[in-house]
Amino acid sequence: MTAVLQILWKDALIEWTARSRTVSLLSFAYTILLLFAFAVGADADTLRRHAGAYMWMSILLCSTLLLERTMRIEFEAGAIERLLLTPVPPAALFYGKALSNSVQLWVVGAFTIPLVVVICDVSFVEHALWLLAAVALGGAGLAAPGTLYSAMTARLAGRQLLLPLMLFPLIVPVLVAAVKTTSLVILGDPMDQAGSWLVLLACFNLVYWSLCGVLFGRVVDA
Amino acid sequence: MDPVVTAQSLGRRFGHRWAVARLNLEVDRNERLLIIGPNGCGKTTLLRMMATLLPPSQGTLQWSGNGDDPRSVIGLMGHAPGIYEDLSAADNLRVFARLAGRDRGDVPSILTTVGLDGRSEPVSRYSAGMRRRLALAHLLQTQPALALLDEPFAQMDPGGIAQVSRSIRALPGAVVIASHQVHHAAPLCTRAILMDEGQIRWAGPANDAEAAWRALHRERGDL
């Protein structure tokens, strides 16, 4: 656990030192949301009905940039090899990186919510906790397989294209469950389905975080 | 003989080509070994296998005095400096010291040793030679029982070469240097091996390495 926290601290230090990149990422998230709003036009009902999808597409597109970048930092100057020669086990390296990516995706999620509220004219106040749970589980569900796949593609030419091509099919269940939960929070949940979708999200997280933690050591050693 | 690492019939294949083939080598504790040879002769592949970063295709490698994890005794200065570009030199050393669970108090003195003291800018603004000096600082901080240095004098100015030589002398354990710059590396070493096509062609005192190196070039018609 200490090693996981050390990796998390290291990533926090790097992100803080190069914080302009985080600002760029948040600006990108806002730009995507605004583009969706412009593309749909002044149709308030459509914007409201699809607000959850717009929010998660924005987070998803940001995640590909974020995941590629955070793993490139490890590989570009050979830091990963020095990390592998420290006593930090590969599993701890994975969980530290995946947790760091999750936190950054939660930040992106938290920043997109106010703009979604403004441009889609929706309110999350009544079910804020449900929304926070969806963002937490959805972000973590993107981060775990994303961390593994970004390590797999980090040494490849065209990794910026390969990462989404490999990652997107895998995270479709997480995306569907996260959008469904968010939409139920926005549009109302007369059948009390949001809880079931959150349980589904938690199950996907359990599978991804366990499996990817086991596979990560093989990926970085290769 | 008290070897820190022993290679037996070691080989590594990339596709159909053997980069290292049936190589036997022992490196004693506190020994200084120089590896020379033409480009593509297998020096880097051998170092990476000794560093556990590349699994052998055949043969075995054994490390001694390492408990369960050979990586705890190994330090590597490879082609890539192994640094975080966004952090300063001091932060880089602190990060890896913290990950290795070591004392971080010696960072300023190590940076002074490699001539990088008083520099707070990110490493991304460093020259190639300064990055290599930072990589060497990592080794000085780790104090490994087996330090593996791949072309430590590459991209260095004369002042940097002198500084790197001093730093290599300060390393406490066994040191293996792979270098084309024999005249800089040989005075730091006691023994040398000359590799060609993945095998050891010559072994002897480091002082004779340059002559063996020239003989190989003459044989190949390079001189």
# chains A, B, ... in the order shown; residues from 1 in each chain; ligands from 1
>>> residues_around(residues="B:Asn30", least_positions_apart="5", cutoff="12 Å", atoms="only C-alpha atoms", output="PyMOL selection string")
chain B and resi 1-5+143-147+169-176+189-191
>>> write_last_selection(atoms="N, CA and C atoms", output="short mmCIF file (atom, residue, chain, number, x, y, z; two decimals), in the first residue's frame")
data_model
loop_
_atom_site.label_atom_id
_atom_site.label_comp_id
_atom_site.auth_asym_id
_atom_site.auth_seq_id
_atom_site.Cartn_x
_atom_site.Cartn_y
_atom_site.Cartn_z
N MET B 1 37.36 -16.29 -5.82
CA MET B 1 36.35 -15.65 -6.69
C MET B 1 35.05 -15.48 -5.91
N ASP B 2 34.53 -14.26 -5.95
CA ASP B 2 33.26 -13.99 -5.29
C ASP B 2 32.38 -13.22 -6.28
N PRO B 3 31.78 -13.93 -7.23
CA PRO B 3 31.07 -13.22 -8.30
C PRO B 3 29.77 -12.60 -7.81
N VAL B 4 29.50 -11.39 -8.28
CA VAL B 4 28.21 -10.75 -8.00
C VAL B 4 27.20 -11.17 -9.06
N VAL B 5 27.70 -11.49 -10.25
CA VAL B 5 26.82 -12.02 -11.30
C VAL B 5 27.59 -13.04 -12.14
N GLN B 143 23.98 3.41 -4.83
CA GLN B 143 25.13 2.64 -4.37
C GLN B 143 24.90 1.14 -4.61
N PRO B 144 24.66 0.74 -5.86
CA PRO B 144 24.32 -0.68 -6.10
C PRO B 144 25.55 -1.58 -5.98
N ALA B 145 25.29 -2.87 -5.69
CA ALA B 145 26.40 -3.84 -5.65
C ALA B 145 26.91 -4.12 -7.05
N LEU B 146 26.05 -3.89 -8.06
CA LEU B 146 26.45 -4.09 -9.46
C LEU B 146 25.93 -2.89 -10.28
N ALA B 147 26.86 -2.03 -10.71
CA ALA B 147 26.48 -0.86 -11.52
C ALA B 147 26.79 -1.16 -12.98
N ARG B 169 34.57 6.25 -10.30
CA ARG B 169 35.55 5.77 -9.30
C ARG B 169 34.93 5.73 -7.90
N ALA B 170 33.96 6.63 -7.66
CA ALA B 170 33.34 6.69 -6.33
C ALA B 170 32.29 5.60 -6.12
N LEU B 171 31.90 4.89 -7.18
CA LEU B 171 30.89 3.83 -7.01
C LEU B 171 31.49 2.70 -6.19
N PRO B 172 30.75 2.17 -5.24
CA PRO B 172 31.35 1.24 -4.28
C PRO B 172 31.46 -0.22 -4.75
N GLY B 173 30.51 -0.72 -5.53
CA GLY B 173 30.48 -2.16 -5.84
C GLY B 173 31.16 -2.49 -7.15
N ALA B 174 30.71 -3.59 -7.76
CA ALA B 174 31.21 -3.98 -9.07
C ALA B 174 30.67 -3.01 -10.12
N VAL B 175 31.52 -2.68 -11.09
CA VAL B 175 31.11 -1.75 -12.14
C VAL B 175 31.39 -2.39 -13.50
N VAL B 176 30.37 -2.40 -14.36
CA VAL B 176 30.56 -2.90 -15.72
C VAL B 176 30.29 -1.74 -16.67
N CYS B 189 39.06 0.76 -15.28
CA CYS B 189 38.73 -0.66 -15.17
C CYS B 189 39.98 -1.50 -14.94
N THR B 190 39.74 -2.71 -14.43
CA THR B 190 40.86 -3.64 -14.22
C THR B 190 40.89 -4.70 -15.32
N ARG B 191 39.73 -5.12 -15.77
CA ARG B 191 39.67 -6.21 -16.76
C ARG B 191 38.81 -5.73 -17.92
#
>>> select_by_dssp(residues="stretch 8-221 of chain B", states="helix (DSSP H, G or I)", output="PyMOL selection string")
chain B and resi 43-50+70-73+89-99+107-113+123-125+128-142+158-170+182-188+206-220
>>> interface_residues(of="chain A", to="chain B", cutoff="12 Å", atoms="only C-alpha atoms", output="PDB file with N, CA and C atoms, in the first residue's frame")
ATOM      1  N   THR A   2       1.995   1.183   0.747  1.00  0.00           N
ATOM      2  CA  THR A   2       2.904   2.342   0.799  1.00  0.00           C
ATOM      3  C   THR A   2       3.440   2.650  -0.594  1.00  0.00           C
ATOM      4  N   ALA A   3       3.788   1.588  -1.334  1.00  0.00           N
ATOM      5  CA  ALA A   3       4.337   1.789  -2.680  1.00  0.00           C
ATOM      6  C   ALA A   3       3.290   2.428  -3.598  1.00  0.00           C
ATOM      7  N   VAL A   4       2.036   2.016  -3.455  1.00  0.00           N
ATOM      8  CA  VAL A   4       0.950   2.600  -4.267  1.00  0.00           C
ATOM      9  C   VAL A   4       0.850   4.098  -3.979  1.00  0.00           C
ATOM     10  N   LEU A   5       0.899   4.446  -2.697  1.00  0.00           N
ATOM     11  CA  LEU A   5       0.805   5.864  -2.319  1.00  0.00           C
ATOM     12  C   LEU A   5       2.021   6.656  -2.800  1.00  0.00           C
ATOM     13  N   GLN A   6       3.195   6.000  -2.803  1.00  0.00           N
ATOM     14  CA  GLN A   6       4.409   6.681  -3.293  1.00  0.00           C
ATOM     15  C   GLN A   6       4.275   7.002  -4.783  1.00  0.00           C
ATOM     16  N   ILE A   7       3.716   6.048  -5.553  1.00  0.00           N
ATOM     17  CA  ILE A   7       3.520   6.278  -6.989  1.00  0.00           C
ATOM     18  C   ILE A   7       2.495   7.402  -7.183  1.00  0.00           C
ATOM     19  N   LEU A   8       1.456   7.369  -6.366  1.00  0.00           N
ATOM     20  CA  LEU A   8       0.414   8.405  -6.443  1.00  0.00           C
ATOM     21  C   LEU A   8       1.014   9.781  -6.139  1.00  0.00           C
ATOM     22  N   TRP A   9       1.869   9.827  -5.112  1.00  0.00           N
ATOM     23  CA  TRP A   9       2.523  11.085  -4.738  1.00  0.00           C
ATOM     24  C   TRP A   9       3.435  11.575  -5.871  1.00  0.00           C
ATOM     25  N   LYS A  10       4.174  10.637  -6.468  1.00  0.00           N
ATOM     26  CA  LYS A  10       5.081  10.991  -7.575  1.00  0.00           C
ATOM     27  C   LYS A  10       4.285  11.614  -8.731  1.00  0.00           C
ATOM     28  N   ASP A  11       3.172  10.967  -9.096  1.00  0.00           N
ATOM     29  CA  ASP A  11       2.363  11.482 -10.205  1.00  0.00           C
ATOM     30  C   ASP A  11       1.757  12.843  -9.859  1.00  0.00           C
ATOM     31  N   ALA A  12       1.353  12.987  -8.594  1.00  0.00           N
ATOM     32  CA  ALA A  12       0.789  14.281  -8.166  1.00  0.00           C
ATOM     33  C   ALA A  12       1.849  15.375  -8.294  1.00  0.00           C
ATOM     34  N   LEU A  13       3.096  15.056  -7.903  1.00  0.00           N
ATOM     35  CA  LEU A  13       4.197  16.029  -8.002  1.00  0.00           C
ATOM     36  C   LEU A  13       4.436  16.414  -9.461  1.00  0.00           C
ATOM     37  N   ILE A  14       4.440  15.419 -10.353  1.00  0.00           N
ATOM     38  CA  ILE A  14       4.676  15.691 -11.776  1.00  0.00           C
ATOM     39  C   ILE A  14       3.536  16.535 -12.346  1.00  0.00           C
ATOM     40  N   GLU A  15       2.298  16.169 -12.017  1.00  0.00           N
ATOM     41  CA  GLU A  15       1.157  16.913 -12.558  1.00  0.00           C
ATOM     42  C   GLU A  15       1.127  18.341 -12.013  1.00  0.00           C
ATOM     43  N   TRP A  16       1.522  18.497 -10.762  1.00  0.00           N
ATOM     44  CA  TRP A  16       1.542  19.847 -10.189  1.00  0.00           C
ATOM     45  C   TRP A  16       2.630  20.697 -10.851  1.00  0.00           C
ATOM     46  N   THR A  17       3.783  20.063 -11.097  1.00  0.00           N
ATOM     47  CA  THR A  17       4.890  20.786 -11.739  1.00  0.00           C
ATOM     48  C   THR A  17       4.503  21.214 -13.154  1.00  0.00           C
ATOM     49  N   ALA A  18       3.772  20.343 -13.853  1.00  0.00           N
ATOM     50  CA  ALA A  18       3.379  20.651 -15.238  1.00  0.00           C
ATOM     51  C   ALA A  18       1.868  20.872 -15.293  1.00  0.00           C
ATOM     52  N   ARG A  19       1.367  21.745 -14.400  1.00  0.00           N
ATOM     53  CA  ARG A  19      -0.088  21.887 -14.263  1.00  0.00           C
ATOM     54  C   ARG A  19      -0.758  22.545 -15.464  1.00  0.00           C
ATOM     55  N   SER A  20       0.023  23.205 -16.312  1.00  0.00           N
ATOM     56  CA  SER A  20      -0.583  23.817 -17.499  1.00  0.00           C
ATOM     57  C   SER A  20      -1.219  22.755 -18.395  1.00  0.00           C
ATOM     58  N   ARG A  21      -0.682  21.523 -18.319  1.00  0.00           N
ATOM     59  CA  ARG A  21      -1.254  20.432 -19.123  1.00  0.00           C
ATOM     60  C   ARG A  21      -2.653  20.074 -18.621  1.00  0.00           C
ATOM     61  N   THR A  70       0.060  10.296 -19.394  1.00  0.00           N
ATOM     62  CA  THR A  70       0.625   9.882 -18.101  1.00  0.00           C
ATOM     63  C   THR A  70       1.538   8.660 -18.265  1.00  0.00           C
ATOM     64  N   MET A  71       1.263   7.806 -19.261  1.00  0.00           N
ATOM     65  CA  MET A  71       2.156   6.659 -19.471  1.00  0.00           C
ATOM     66  C   MET A  71       3.383   7.076 -20.280  1.00  0.00           C
ATOM     67  N   ARG A  72       3.227   8.036 -21.205  1.00  0.00           N
ATOM     68  CA  ARG A  72       4.379   8.519 -21.983  1.00  0.00           C
ATOM     69  C   ARG A  72       5.447   9.088 -21.049  1.00  0.00           C
ATOM     70  N   ILE A  73       4.996   9.749 -19.975  1.00  0.00           N
ATOM     71  CA  ILE A  73       5.930  10.311 -18.989  1.00  0.00           C
ATOM     72  C   ILE A  73       6.843   9.213 -18.431  1.00  0.00           C
ATOM     73  N   GLU A  74       6.298   8.014 -18.259  1.00  0.00           N
ATOM     74  CA  GLU A  74       7.090   6.906 -17.707  1.00  0.00           C
ATOM     75  C   GLU A  74       8.069   6.343 -18.739  1.00  0.00           C
ATOM     76  N   PHE A  75       7.667   6.362 -20.017  1.00  0.00           N
ATOM     77  CA  PHE A  75       8.450   5.661 -21.029  1.00  0.00           C
ATOM     78  C   PHE A  75       9.421   6.552 -21.805  1.00  0.00           C
ATOM     79  N   GLU A  76       9.110   7.869 -21.936  1.00  0.00           N
ATOM     80  CA  GLU A  76       9.862   8.677 -22.912  1.00  0.00           C
ATOM     81  C   GLU A  76      11.346   8.813 -22.570  1.00  0.00           C
ATOM     82  N   ALA A  77      11.692   8.907 -21.307  1.00  0.00           N
ATOM     83  CA  ALA A  77      13.119   9.030 -20.957  1.00  0.00           C
ATOM     84  C   ALA A  77      13.591   7.832 -20.140  1.00  0.00           C
ATOM     85  N   GLY A  78      12.872   6.717 -20.266  1.00  0.00           N
ATOM     86  CA  GLY A  78      13.316   5.478 -19.621  1.00  0.00           C
ATOM     87  C   GLY A  78      13.062   5.398 -18.128  1.00  0.00           C
ATOM     88  N   ALA A  79      12.183   6.272 -17.589  1.00  0.00           N
ATOM     89  CA  ALA A  79      11.927   6.245 -16.141  1.00  0.00           C
ATOM     90  C   ALA A  79      11.337   4.901 -15.714  1.00  0.00           C
ATOM     91  N   ILE A  80      10.585   4.261 -16.620  1.00  0.00           N
ATOM     92  CA  ILE A  80       9.955   2.979 -16.261  1.00  0.00           C
ATOM     93  C   ILE A  80      11.011   1.933 -15.910  1.00  0.00           C
ATOM     94  N   GLU A  81      12.169   1.976 -16.607  1.00  0.00           N
ATOM     95  CA  GLU A  81      13.211   0.986 -16.321  1.00  0.00           C
ATOM     96  C   GLU A  81      13.817   1.238 -14.943  1.00  0.00           C
ATOM     97  N   ARG A  82      13.988   2.500 -14.609  1.00  0.00           N
ATOM     98  CA  ARG A  82      14.513   2.804 -13.277  1.00  0.00           C
ATOM     99  C   ARG A  82      13.483   2.409 -12.211  1.00  0.00           C
ATOM    100  N   LEU A  83      12.190   2.619 -12.525  1.00  0.00           N
ATOM    101  CA  LEU A  83      11.139   2.211 -11.584  1.00  0.00           C
ATOM    102  C   LEU A  83      11.163   0.705 -11.358  1.00  0.00           C
ATOM    103  N   LEU A  84      11.387  -0.052 -12.463  1.00  0.00           N
ATOM    104  CA  LEU A  84      11.394  -1.512 -12.345  1.00  0.00           C
ATOM    105  C   LEU A  84      12.593  -2.017 -11.551  1.00  0.00           C
ATOM    106  N   LEU A  85      13.624  -1.179 -11.435  1.00  0.00           N
ATOM    107  CA  LEU A  85      14.794  -1.573 -10.643  1.00  0.00           C
ATOM    108  C   LEU A  85      14.690  -1.108  -9.187  1.00  0.00           C
ATOM    109  N   THR A  86      13.551  -0.496  -8.828  1.00  0.00           N
ATOM    110  CA  THR A  86      13.305  -0.166  -7.421  1.00  0.00           C
ATOM    111  C   THR A  86      12.516  -1.334  -6.801  1.00  0.00           C
ATOM    112  N   PRO A  87      12.389  -1.368  -5.485  1.00  0.00           N
ATOM    113  CA  PRO A  87      11.645  -2.490  -4.873  1.00  0.00           C
ATOM    114  C   PRO A  87      10.120  -2.409  -5.087  1.00  0.00           C
ATOM    115  N   VAL A  88       9.660  -1.430  -5.871  1.00  0.00           N
ATOM    116  CA  VAL A  88       8.199  -1.295  -6.079  1.00  0.00           C
ATOM    117  C   VAL A  88       7.714  -2.436  -6.977  1.00  0.00           C
ATOM    118  N   PRO A  89       6.778  -3.276  -6.486  1.00  0.00           N
ATOM    119  CA  PRO A  89       6.295  -4.371  -7.335  1.00  0.00           C
ATOM    120  C   PRO A  89       5.450  -3.828  -8.489  1.00  0.00           C
ATOM    121  N   ALA A  92       1.941  -2.806  -7.656  1.00  0.00           N
ATOM    122  CA  ALA A  92       1.828  -1.519  -6.941  1.00  0.00           C
ATOM    123  C   ALA A  92       1.980  -0.362  -7.925  1.00  0.00           C
ATOM    124  N   LEU A  93       2.849  -0.550  -8.899  1.00  0.00           N
ATOM    125  CA  LEU A  93       3.028   0.478  -9.939  1.00  0.00           C
ATOM    126  C   LEU A  93       1.714   0.671 -10.700  1.00  0.00           C
ATOM    127  N   GLY A  96      -0.923   2.326  -8.384  1.00  0.00           N
ATOM    128  CA  GLY A  96      -0.590   3.739  -8.188  1.00  0.00           C
ATOM    129  C   GLY A  96      -0.929   4.564  -9.413  1.00  0.00           C
ATOM    130  N   ARG A 218       3.352  -8.274 -16.581  1.00  0.00           N
ATOM    131  CA  ARG A 218       3.786  -8.912 -17.826  1.00  0.00           C
ATOM    132  C   ARG A 218       3.973  -7.879 -18.935  1.00  0.00           C
ATOM    133  N   VAL A 220       4.703  -4.553 -18.705  1.00  0.00           N
ATOM    134  CA  VAL A 220       5.884  -3.680 -18.579  1.00  0.00           C
ATOM    135  C   VAL A 220       7.183  -4.480 -18.702  1.00  0.00           C
ATOM    136  N   ASP A 221       7.179  -5.742 -18.260  1.00  0.00           N
ATOM    137  CA  ASP A 221       8.378  -6.570 -18.422  1.00  0.00           C
ATOM    138  C   ASP A 221       8.649  -6.859 -19.886  1.00  0.00           C
ATOM    139  N   ALA A 222       7.578  -6.983 -20.672  1.00  0.00           N
ATOM    140  CA  ALA A 222       7.751  -7.265 -22.106  1.00  0.00           C
ATOM    141  C   ALA A 222       8.260  -6.043 -22.834  1.00  0.00           C
TER     142      ALA A 222
END
>>> residues_around(residues="stretch 159-162 of chain B", least_positions_apart="6", cutoff="10 Å", atoms="only C-alpha atoms", output="ChimeraX atom specification")
/B:114-115,129-130,132-133,152-153,168,184-185
>>> atom_distance(atom1="atom CA of A:Ala178", atom2="atom CA of A:Gly109")
11.6 Å
>>> closest_residue(among="B:Val164, B:Ala19, B:Ala128, B:Leu33", to="B:Leu140", atoms="only C-alpha atoms")
B:Val164
>>> residues_around(residues="A:Ile59", least_positions_apart="6", cutoff="12 Å", atoms="only C-alpha atoms", output="mmCIF file with N, CA and C atoms, in the first residue's frame")
data_model
loop_
_atom_site.group_PDB
_atom_site.id
_atom_site.type_symbol
_atom_site.label_atom_id
_atom_site.label_comp_id
_atom_site.auth_asym_id
_atom_site.auth_seq_id
_atom_site.Cartn_x
_atom_site.Cartn_y
_atom_site.Cartn_z
ATOM 1 N N LEU A 25 -6.202 20.179 -20.621
ATOM 2 C CA LEU A 25 -7.115 19.033 -20.664
ATOM 3 C C LEU A 25 -8.535 19.468 -20.291
ATOM 4 N N LEU A 26 -8.645 20.301 -19.256
ATOM 5 C CA LEU A 26 -9.968 20.772 -18.834
ATOM 6 C C LEU A 26 -10.578 21.666 -19.919
ATOM 7 N N SER A 27 -9.755 22.464 -20.572
ATOM 8 C CA SER A 27 -10.242 23.306 -21.671
ATOM 9 C C SER A 27 -10.759 22.431 -22.804
ATOM 10 N N PHE A 28 -10.076 21.312 -23.055
ATOM 11 C CA PHE A 28 -10.503 20.384 -24.108
ATOM 12 C C PHE A 28 -11.874 19.789 -23.757
ATOM 13 N N ALA A 29 -12.054 19.423 -22.482
ATOM 14 C CA ALA A 29 -13.343 18.864 -22.036
ATOM 15 C C ALA A 29 -14.466 19.883 -22.270
ATOM 16 N N TYR A 30 -14.200 21.143 -21.918
ATOM 17 C CA TYR A 30 -15.202 22.201 -22.104
ATOM 18 C C TYR A 30 -15.494 22.408 -23.592
ATOM 19 N N THR A 31 -14.438 22.360 -24.416
ATOM 20 C CA THR A 31 -14.609 22.565 -25.860
ATOM 21 C C THR A 31 -15.515 21.483 -26.450
ATOM 22 N N ILE A 32 -15.313 20.239 -26.038
ATOM 23 C CA ILE A 32 -16.150 19.140 -26.554
ATOM 24 C C ILE A 32 -17.610 19.368 -26.177
ATOM 25 N N LEU A 33 -17.833 19.733 -24.918
ATOM 26 C CA LEU A 33 -19.213 19.964 -24.464
ATOM 27 C C LEU A 33 -19.870 21.095 -25.264
ATOM 28 N N GLY A 52 -26.303 13.478 -20.173
ATOM 29 C CA GLY A 52 -25.403 12.453 -19.597
ATOM 30 C C GLY A 52 -24.428 11.932 -20.636
ATOM 31 N N ALA A 53 -24.940 11.692 -21.857
ATOM 32 C CA ALA A 53 -24.072 11.172 -22.935
ATOM 33 C C ALA A 53 -23.008 12.202 -23.304
ATOM 34 N N LEU A 65 -6.458 11.224 -24.077
ATOM 35 C CA LEU A 65 -5.300 12.138 -24.027
ATOM 36 C C LEU A 65 -4.547 11.970 -22.710
ATOM 37 N N LEU A 66 -5.324 11.911 -21.642
ATOM 38 C CA LEU A 66 -4.732 11.819 -20.304
ATOM 39 C C LEU A 66 -3.939 10.528 -20.121
ATOM 40 N N LEU A 67 -4.552 9.408 -20.508
ATOM 41 C CA LEU A 67 -3.919 8.103 -20.293
ATOM 42 C C LEU A 67 -2.633 7.966 -21.120
ATOM 43 N N SER A 102 -7.350 7.796 -12.199
ATOM 44 C CA SER A 102 -8.744 7.912 -11.726
ATOM 45 C C SER A 102 -8.984 9.302 -11.125
ATOM 46 N N GLN A 104 -7.441 12.043 -11.692
ATOM 47 C CA GLN A 104 -7.454 13.091 -12.731
ATOM 48 C C GLN A 104 -8.758 13.045 -13.533
ATOM 49 N N LEU A 105 -9.291 11.839 -13.755
ATOM 50 C CA LEU A 105 -10.575 11.749 -14.469
ATOM 51 C C LEU A 105 -11.715 12.256 -13.593
ATOM 52 N N TRP A 106 -11.609 12.038 -12.275
ATOM 53 C CA TRP A 106 -12.625 12.592 -11.370
ATOM 54 C C TRP A 106 -12.600 14.114 -11.425
ATOM 55 N N VAL A 107 -11.405 14.668 -11.506
ATOM 56 C CA VAL A 107 -11.295 16.137 -11.605
ATOM 57 C C VAL A 107 -11.945 16.620 -12.900
ATOM 58 N N VAL A 108 -11.655 15.911 -14.007
ATOM 59 C CA VAL A 108 -12.274 16.288 -15.293
ATOM 60 C C VAL A 108 -13.793 16.199 -15.165
ATOM 61 N N GLY A 109 -14.280 15.103 -14.557
ATOM 62 C CA GLY A 109 -15.724 14.924 -14.357
ATOM 63 C C GLY A 109 -16.316 16.055 -13.530
ATOM 64 N N ALA A 110 -15.634 16.387 -12.425
ATOM 65 C CA ALA A 110 -16.132 17.451 -11.540
ATOM 66 C C ALA A 110 -16.183 18.797 -12.255
ATOM 67 N N PHE A 111 -15.230 19.038 -13.149
ATOM 68 C CA PHE A 111 -15.212 20.313 -13.878
ATOM 69 C C PHE A 111 -16.260 20.355 -14.990
ATOM 70 N N THR A 112 -16.619 19.200 -15.554
ATOM 71 C CA THR A 112 -17.601 19.220 -16.651
ATOM 72 C C THR A 112 -19.025 19.420 -16.117
ATOM 73 N N ILE A 113 -19.278 19.001 -14.875
ATOM 74 C CA ILE A 113 -20.650 19.061 -14.346
ATOM 75 C C ILE A 113 -21.248 20.481 -14.401
ATOM 76 N N VAL A 116 -22.240 21.330 -17.936
ATOM 77 C CA VAL A 116 -23.404 20.537 -18.357
ATOM 78 C C VAL A 116 -24.674 21.166 -17.777
ATOM 79 N N VAL A 135 -19.677 9.255 -11.343
ATOM 80 C CA VAL A 135 -18.403 9.825 -11.814
ATOM 81 C C VAL A 135 -17.226 9.032 -11.219
ATOM 82 N N ALA A 136 -17.346 8.701 -9.925
ATOM 83 C CA ALA A 136 -16.254 7.966 -9.268
ATOM 84 C C ALA A 136 -16.064 6.597 -9.910
ATOM 85 N N GLY A 138 -17.372 5.443 -12.802
ATOM 86 C CA GLY A 138 -17.126 5.548 -14.248
ATOM 87 C C GLY A 138 -15.675 5.926 -14.531
ATOM 88 N N GLY A 139 -15.154 6.916 -13.796
ATOM 89 C CA GLY A 139 -13.754 7.344 -13.984
ATOM 90 C C GLY A 139 -12.793 6.212 -13.673
ATOM 91 N N ALA A 140 -13.063 5.497 -12.571
ATOM 92 C CA ALA A 140 -12.184 4.375 -12.202
ATOM 93 C C ALA A 140 -12.289 3.256 -13.238
ATOM 94 N N GLY A 141 -13.491 3.058 -13.775
ATOM 95 C CA GLY A 141 -13.697 2.017 -14.790
ATOM 96 C C GLY A 141 -12.984 2.323 -16.097
ATOM 97 N N LEU A 142 -12.794 3.592 -16.394
ATOM 98 C CA LEU A 142 -11.994 3.964 -17.581
ATOM 99 C C LEU A 142 -10.499 3.882 -17.273
ATOM 100 N N ALA A 143 -10.144 4.233 -16.034
ATOM 101 C CA ALA A 143 -8.718 4.358 -15.692
ATOM 102 C C ALA A 143 -8.003 3.010 -15.645
ATOM 103 N N LEU A 175 -19.073 2.673 -20.105
ATOM 104 C CA LEU A 175 -19.645 3.900 -20.673
ATOM 105 C C LEU A 175 -21.171 3.843 -20.635
ATOM 106 N N ALA A 178 -22.381 4.178 -17.026
ATOM 107 C CA ALA A 178 -22.167 5.536 -16.499
ATOM 108 C C ALA A 178 -23.159 6.516 -17.119
ATOM 109 N N VAL A 179 -23.391 6.405 -18.426
ATOM 110 C CA VAL A 179 -24.346 7.319 -19.098
ATOM 111 C C VAL A 179 -25.755 7.056 -18.586
#
>>> select_by_dssp(residues="stretch 26-203 of chain B", states="strand (DSSP E)", output="number ranges by chain")
B: 26-28, 32-36, 58-63, 74-77, 146-150, 174-178, 191-196, 199-203
>>> atom_distance(atom1="atom CA of B:Gly40", atom2="atom CA of B:Ser167")
27.3 Å
>>> closest_residue(among="A:Phe38, A:Tyr95, A:Tyr54, A:Phe168", to="A:Leu211", atoms="only C-alpha atoms")
A:Tyr95
>>> atom_distance(atom1="atom CA of A:Arg69", atom2="atom CA of A:Thr147")
10.6 Å
>>> residues_around(residues="stretch 124-131 of chain A", least_positions_apart="3", cutoff="8 Å", atoms="only C-alpha atoms", output="list in words")
Val117, Ala134, Val135, Thr181, Thr182, Val185, Ile186 and Ala194 of chain A
>>> closest_residue(among="B:Ala215, B:Ile200, B:Leu148, B:Ile110", to="B:Arg32", atoms="only C-alpha atoms")
B:Leu148
>>> residues_around(residues="B:Ala21", least_positions_apart="6", cutoff="12 Å", atoms="only C-alpha atoms", output="list in words")
Ala7, Gln8, Ser9, Leu10, Gly11, Arg12, Arg13, Phe14, Cys41, Gly42, Lys43, Thr45, Leu46, Pro56, Ser57, Gln58, Gly59, Thr60, Met195, Asp196, Glu197, Gly198, Gln199, Ile200 and Arg201 of chain B
>>> residues_around(residues="A:Ala37", least_positions_apart="4", cutoff="8 Å", atoms="only C-alpha atoms", output="PyMOL selection string")
chain A and resi 33+41-42+47+119-120
>>> write_last_selection(atoms="N, CA and C atoms", output="PDB file, in the first residue's frame")
ATOM      1  N   LEU A  33     -17.833  19.733 -24.918  1.00  0.00           N
ATOM      2  CA  LEU A  33     -19.213  19.964 -24.464  1.00  0.00           C
ATOM      3  C   LEU A  33     -19.870  21.095 -25.264  1.00  0.00           C
ATOM      4  N   GLY A  41     -27.824  22.493 -31.351  1.00  0.00           N
ATOM      5  CA  GLY A  41     -28.563  23.733 -31.564  1.00  0.00           C
ATOM      6  C   GLY A  41     -29.419  24.079 -30.362  1.00  0.00           C
ATOM      7  N   ALA A  42     -30.409  24.933 -30.602  1.00  0.00           N
ATOM      8  CA  ALA A  42     -31.205  25.472 -29.489  1.00  0.00           C
ATOM      9  C   ALA A  42     -32.374  24.557 -29.130  1.00  0.00           C
ATOM     10  N   LEU A  47     -30.996  18.499 -25.713  1.00  0.00           N
ATOM     11  CA  LEU A  47     -29.805  18.723 -24.878  1.00  0.00           C
ATOM     12  C   LEU A  47     -29.997  18.100 -23.496  1.00  0.00           C
ATOM     13  N   ILE A 119     -25.280  24.497 -19.957  1.00  0.00           N
ATOM     14  CA  ILE A 119     -25.654  24.409 -21.381  1.00  0.00           C
ATOM     15  C   ILE A 119     -26.834  23.467 -21.621  1.00  0.00           C
ATOM     16  N   CYS A 120     -27.040  22.495 -20.734  1.00  0.00           N
ATOM     17  CA  CYS A 120     -28.159  21.559 -20.936  1.00  0.00           C
ATOM     18  C   CYS A 120     -29.360  21.894 -20.051  1.00  0.00           C
TER      19      CYS A 120
END
